[in-house]
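Participant: Here's a structure for you.
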Amino acid sequence: MDVAVIGATGAVGRQVCTQLIERRALPTTARLQLVGRRGGRSEAATHGYRADLIDAYDEVAPLFDVALDPEEVVADVVVVASGATIATRPGESVDRAALARTNHAMFAAYADALAEHGAGDEVVIVVTNPVELGVATMAARLGRHRVIGMGAWLDTLRFRREIAHSLGVRRQRIGGFVAGQHGDDAVPLWSSVRIRGLVEGERARTVGELRGGRDLAGLPGEIAAAQARLLAERDSGRAFAMVETWPPDLRTVTRPWLTHQSGARTAVGTANATVDLISALAEGREIVMAGQVDLAGEATLAGQRVHGVLGVPVVFGPEGWTDVLLGELPPDEDALLARAARRIAAVVEPFMRDGGRP
Ligand SMILES: NC(=O)c1ccc[n+]([C@@H]2O[C@H](COP(=O)([O-])OP(=O)(O)OC[C@H]3O[C@@H](n4cnc5c(N)ncnc54)[C@H](O)[C@@H]3O)[C@@H](O)[C@H]2O)c1
C-alpha cells in the first residue's frame with residue numbers, strides 16, 4: 001500500500017512520516033510519497049526531508065518519492081496535512097472562517113487533480129483544518145465514502161485519555177467516541193463510554209461521578225469560560241495545572257487548545273491518530289472509529305436527517321468509510337450534536353455554492 005503525505009515538511013506531515021516508519025506501519029516495498037509545493041518554501045525542504053529520512057531509517061524505510069505538483073500525487077492513501085494552521089499566539093482566537101478561506105483552494109486543487117489523474121479508489125484522510133471543509137470539498141469531487149477527516153478520531157483519543165486519567169488507568173481500557181466538529185464544537189458522547197472491567201451498573205455510576213452532575217447543555221459555555229481563564233493566566237505551568245482540576249469532557253477540548261496556544265502545538269498526537277488509521281488500512285482491517293464524513297441522511301438528529309459533514313462513529317477500512325454507528329442519543333447529546341452540524345454547515349456551505357469552485 002502506497003501513501004502520499006501532502007505537506008510532508010510541515011509539523012504534522014513530518015510527524016506522520018516519521019511515525020509511519022518508526023511504527024513499521026508500511027512494508028519496505030511500499031512507497032511513501034512526500035508532497036510539497038513547487039515554488040513554495042517546501043520545494044527544497046521536501047527533497048531535504050527525503051534525504052534525512054533515508055539517512056535515519058535506511059534499514060526499515062519504505063521507498064521514498066517526492067512530488068511537487070498536485071497532478072503528481074499517486075498513492076492508495078492520501079494524507080492531507082498541508083496549508084495554513086490556526087494561530088498560536090496567545091490571545092488570538094481560533095478563527096476557522098479565515099482558515100477556511102485560505103485552505104479551501106488547496107483542498108480543491110488536490111481533489112481536482114486526484115479526480116482527473118488518480119486511480120479512482122484512493123482513500124483520503126484529511127488532517128488540515130477546517131477538517132469539515134476539507135472533507136466537503138474533497139468528497140464532492142472524489143465520492144463521499146473515500147474521504148474522512150481524522151479530527152473526531154483525535155478528539156476521541158483525547159476523551160478516552162482524559163477519562164482514563166481521571167480513573168488512574170491507561171487509555172486502552174476506555175471506549176467511547178467524540179462526534180461533532182473538530183475543536184470547540186466537539187461533542188463527547190458520554191452514552192458511548194465503556195470502561196473495560198466494569199459491568200453496566202458500575203459503568204453508569206462511574207460515568208455519573210466523572211460528569212459531576214453536569215450535562216452537555218452547559219459545555220459550550222464552560223469551554224468559553226475556561227479558555228478565557230487560561231488566557232488570563234500568564235504562567236503556563238499554572239494554566240496546565242488549572243486544566244487538571246476540570247472534568248474529563250472539558251479537559252478533552254481545553255488541554256489541546258492550551259497545548260496549541262503554548263507554541264508546542266499538537267503535531268505528535270495528531271500524527272499518532274492519523275497513523276492509527278493508515279496502519280489499519282495497510283493491514284486491510286476495518287476499524288470502528290469516529291471521523292468527519294459527508295452524510296447523506298445516515299444520521300438523524302433533533303428529528304431531522306443530517307445532510308452534510310459531521311463527525312460521527314463509523315466503520316472505516318480499505319474502501320473508505322461505510323456504516324454510521326449512531327443510534328438514538330440522549331437529549332443533551334442529540335441537541336449538542338445537532339448544534340455542531342448547524343455550525344459546520346455555516347462554515348462549509350458558503351464554499352459549496354457554484355459547485356464549490358475556489
Ligand atoms: N485535524 C487535526 O486534528 C489537526 C491537528 C493539528 C493540526 N491540524 C492542521 O493540519 C494542518 C497543518 O498543520 P501544521 O502544524 O503541520 O502546519 P505547518 O505550517 O507546519 O505545515 C504546513 C505545510 O504545508 C505546506 N503547504 C502549504 N500549502 C501547500 C500546498 N498547496 N501543497 C503542498 N504543501 C503545502 C507548507 O509548505 C508546510 O510545509 C493545519 O491546517 C492544522 O490546522 C489538524
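Identifiers in this document derive from the order of the C-alpha cells: chains are assigned A, B, ..., residues are numbered from 1 separately in each chain, and ligands are numbered from 1 in order of occurrence.
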Step by step, measure atom-to-atom distances between ligand 1 and each residue using only C-alpha atoms and all ligand atoms, keep those at most 6 Å, then write them as a compact mmCIF listing (two decimals) with C-alpha atoms, in the first residue's frame.

Facilitator:
# COMPACT_ATOMS: atom_id res chain seq x y z
CA ILE A 6 0.69 16.33 1.30
CA GLY A 7 2.52 18.94 3.36
CA THR A 9 7.64 19.02 5.66
CA GLY A 10 5.08 20.70 7.92
CA ALA A 11 4.90 19.98 11.64
CA VAL A 12 2.15 17.37 11.26
CA GLY A 13 3.38 15.98 7.93
CA VAL A 35 4.35 16.05 -1.36
CA GLY A 36 5.49 19.68 -1.24
CA ARG A 37 4.63 22.77 -3.21
CA ARG A 41 9.30 27.11 0.71
CA SER A 42 8.63 23.41 0.94
CA ALA A 81 -1.70 17.84 6.12
CA SER A 82 -0.78 20.92 4.07
CA GLY A 83 -1.83 24.52 4.26
CA ALA A 84 -2.35 27.21 6.84
CA THR A 85 -2.84 26.48 10.50
CA ILE A 86 -4.63 28.06 13.43
CA MET A 106 -5.66 23.92 -1.65
CA VAL A 127 -5.90 16.45 8.77
CA THR A 128 -5.83 20.08 7.65
CA ASN A 129 -8.27 22.45 9.31
CA VAL A 131 -11.31 19.40 8.67
CA MET A 150 -9.39 12.46 11.38
CA GLY A 151 -10.28 15.30 13.78
CA LEU A 154 -8.10 12.63 17.61
CA THR A 266 -0.26 19.15 18.77
CA ALA A 267 1.60 17.55 15.88
CA THR A 270 -2.34 14.38 15.56

Participant: If you count only C-alpha atoms, which residues fall within 12 Å of Arg255 in chain A, apart from same-chain ones fewer than 5 positions away, as a ChimeraX atom specification?

Facilitator: /A:155,158-159,161-162,183-184,223,226-227,230,236,239-250,260-262,265-266

Participant: With distances taken over only C-alpha atoms, which residue among A:Leu167, A:Ala4, A:Val135, A:Val124 lies nearest Asn103 in chain A?

Facilitator: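 That would be A:Val135, the residue with the smallest distance to Asn103 in chain A.
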
Participant: Set the distance at 9 Å and use only C-alpha atoms: which residues neighbour Met352 in chain A once local chain neighbours fewer than 5 positions away are removed? I'd like the list as a list in words.

Facilitator: Ala136, Thr137, Ala140 and Arg357 of chain A

Participant: Excluding Leu133 in chain A and its own-chain neighbours fewer than 4 positions away, which residues fall within 9 Å of it when counting only C-alpha atoms? Please give them as a PyMOL selection string.

Facilitator: chain A and resi 100+103-104+107+129+137-138+309+344+347-349+351

Participant: Tell me, as a list of chain:residue names, which residues lie within 12 Å of Gly303 in chain A, counting only C-alpha atoms; anything in the same chain fewer than 6 positions away does not count.

Facilitator: A:Gly297, A:Glu328, A:Leu329, A:Pro331, A:Asp334, A:Ala335, A:Ala338

Participant: From the set A:Glu319, A:Glu59, A:Asp52, A:Asp112, which residue has the shortest atom-to-atom contact distance to Pro358 in chain A, counting only C-alpha atoms?

Facilitator: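 Closest to Pro358 in chain A, using only C-alpha atoms: A:Asp112.
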
Participant: Between A:Ala98, A:Val293, A:Val79, A:Leu301, which is the closest to Gly149 in chain A once you count only C-alpha atoms?

Facilitator: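 Checking each candidate against Gly149 in chain A, we get A:Val293 as the closest.
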
Participant: I want to know what sits within 12 Å of Gly218 in chain A, based on only C-alpha atoms, with residues of the same chain fewer than 6 positions away left out; could you give that as a PDB file with N, CA and C atoms, in the first residue's frame?

Facilitator:
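For reference, result.pdb as written:
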ATOM      1  N   VAL A 187     -18.276  17.021  20.407  1.00  0.00           N
ATOM      2  CA  VAL A 187     -19.394  16.559  21.247  1.00  0.00           C
ATOM      3  C   VAL A 187     -19.017  15.212  21.878  1.00  0.00           C
ATOM      4  N   ARG A 211     -18.946  12.863  35.403  1.00  0.00           N
ATOM      5  CA  ARG A 211     -19.651  14.015  34.825  1.00  0.00           C
ATOM      6  C   ARG A 211     -20.031  15.038  35.900  1.00  0.00           C
ATOM      7  N   ALA A 224     -15.927  28.170  26.734  1.00  0.00           N
ATOM      8  CA  ALA A 224     -15.599  29.594  26.522  1.00  0.00           C
ATOM      9  C   ALA A 224     -15.041  30.209  27.807  1.00  0.00           C
ATOM     10  N   ALA A 225     -15.665  29.900  28.935  1.00  0.00           N
ATOM     11  CA  ALA A 225     -15.191  30.462  30.211  1.00  0.00           C
ATOM     12  C   ALA A 225     -13.806  29.909  30.548  1.00  0.00           C
ATOM     13  N   ASP A 249     -14.601  15.847  30.073  1.00  0.00           N
ATOM     14  CA  ASP A 249     -15.075  16.367  28.784  1.00  0.00           C
ATOM     15  C   ASP A 249     -14.570  17.778  28.535  1.00  0.00           C
ATOM     16  N   LEU A 250     -14.471  18.564  29.598  1.00  0.00           N
ATOM     17  CA  LEU A 250     -13.932  19.925  29.452  1.00  0.00           C
ATOM     18  C   LEU A 250     -12.435  19.875  29.163  1.00  0.00           C
ATOM     19  N   ASP A 332     -29.367  15.516  25.599  1.00  0.00           N
ATOM     20  CA  ASP A 332     -28.303  16.543  25.595  1.00  0.00           C
ATOM     21  C   ASP A 332     -27.281  16.287  24.487  1.00  0.00           C
ATOM     22  N   GLU A 333     -26.985  15.008  24.205  1.00  0.00           N
ATOM     23  CA  GLU A 333     -26.039  14.695  23.129  1.00  0.00           C
ATOM     24  C   GLU A 333     -26.669  15.010  21.771  1.00  0.00           C
ATOM     25  N   ALA A 335     -28.975  17.221  21.100  1.00  0.00           N
ATOM     26  CA  ALA A 335     -29.088  18.669  20.892  1.00  0.00           C
ATOM     27  C   ALA A 335     -27.733  19.293  20.566  1.00  0.00           C
ATOM     28  N   LEU A 336     -26.672  18.873  21.278  1.00  0.00           N
ATOM     29  CA  LEU A 336     -25.359  19.492  21.035  1.00  0.00           C
ATOM     30  C   LEU A 336     -24.795  19.062  19.675  1.00  0.00           C
TER      31      LEU A 336
END

Participant: DSSP says strand (DSSP E) for which residues of range 138-349 of chain A? Put them as a ChimeraX atom specification?

Facilitator: /A:147-149,174-180,186-195,287-301,304-317,320-324

Participant: Skipping near chain neighbours, those fewer than 6 positions away, what residues fall within 8 Å of Ala280 in chain A using only C-alpha atoms, listed as a PyMOL selection string?

Facilitator: chain A and resi 286-287+317

Participant: Suppose you want the space between CA of Pro130 in chain A and CA of Val78 in chain A; what is it in Å?

Facilitator: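 Taking CA of Pro130 in chain A and CA of Val78 in chain A, their separation equals 17.1 Å.
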
Participant: Quick one, how far is CA of Ala115 in chain A from CA of Tyr49 in chain A?

Facilitator: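 Atom-to-atom, CA of Ala115 in chain A and CA of Tyr49 in chain A are spaced 27.6 Å apart.
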
Participant: Run DSSP on the backbone and tell me which residues of range 52-275 of chain A come out as alpha helix (DSSP H); list them as number ranges by chain.

Facilitator: A: 52-57, 96-117, 131-142, 151-167, 200-211, 219-232, 236-244, 248-261, 267-275

Participant: Can you work out which one of A:Gly120, A:Gly311, A:Gly221, A:Pro188 has the shortest atom-to-atom distance to Ile163 in chain A, counting only C-alpha atoms?

Facilitator: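 Nearest to Ile163 in chain A: A:Pro188.
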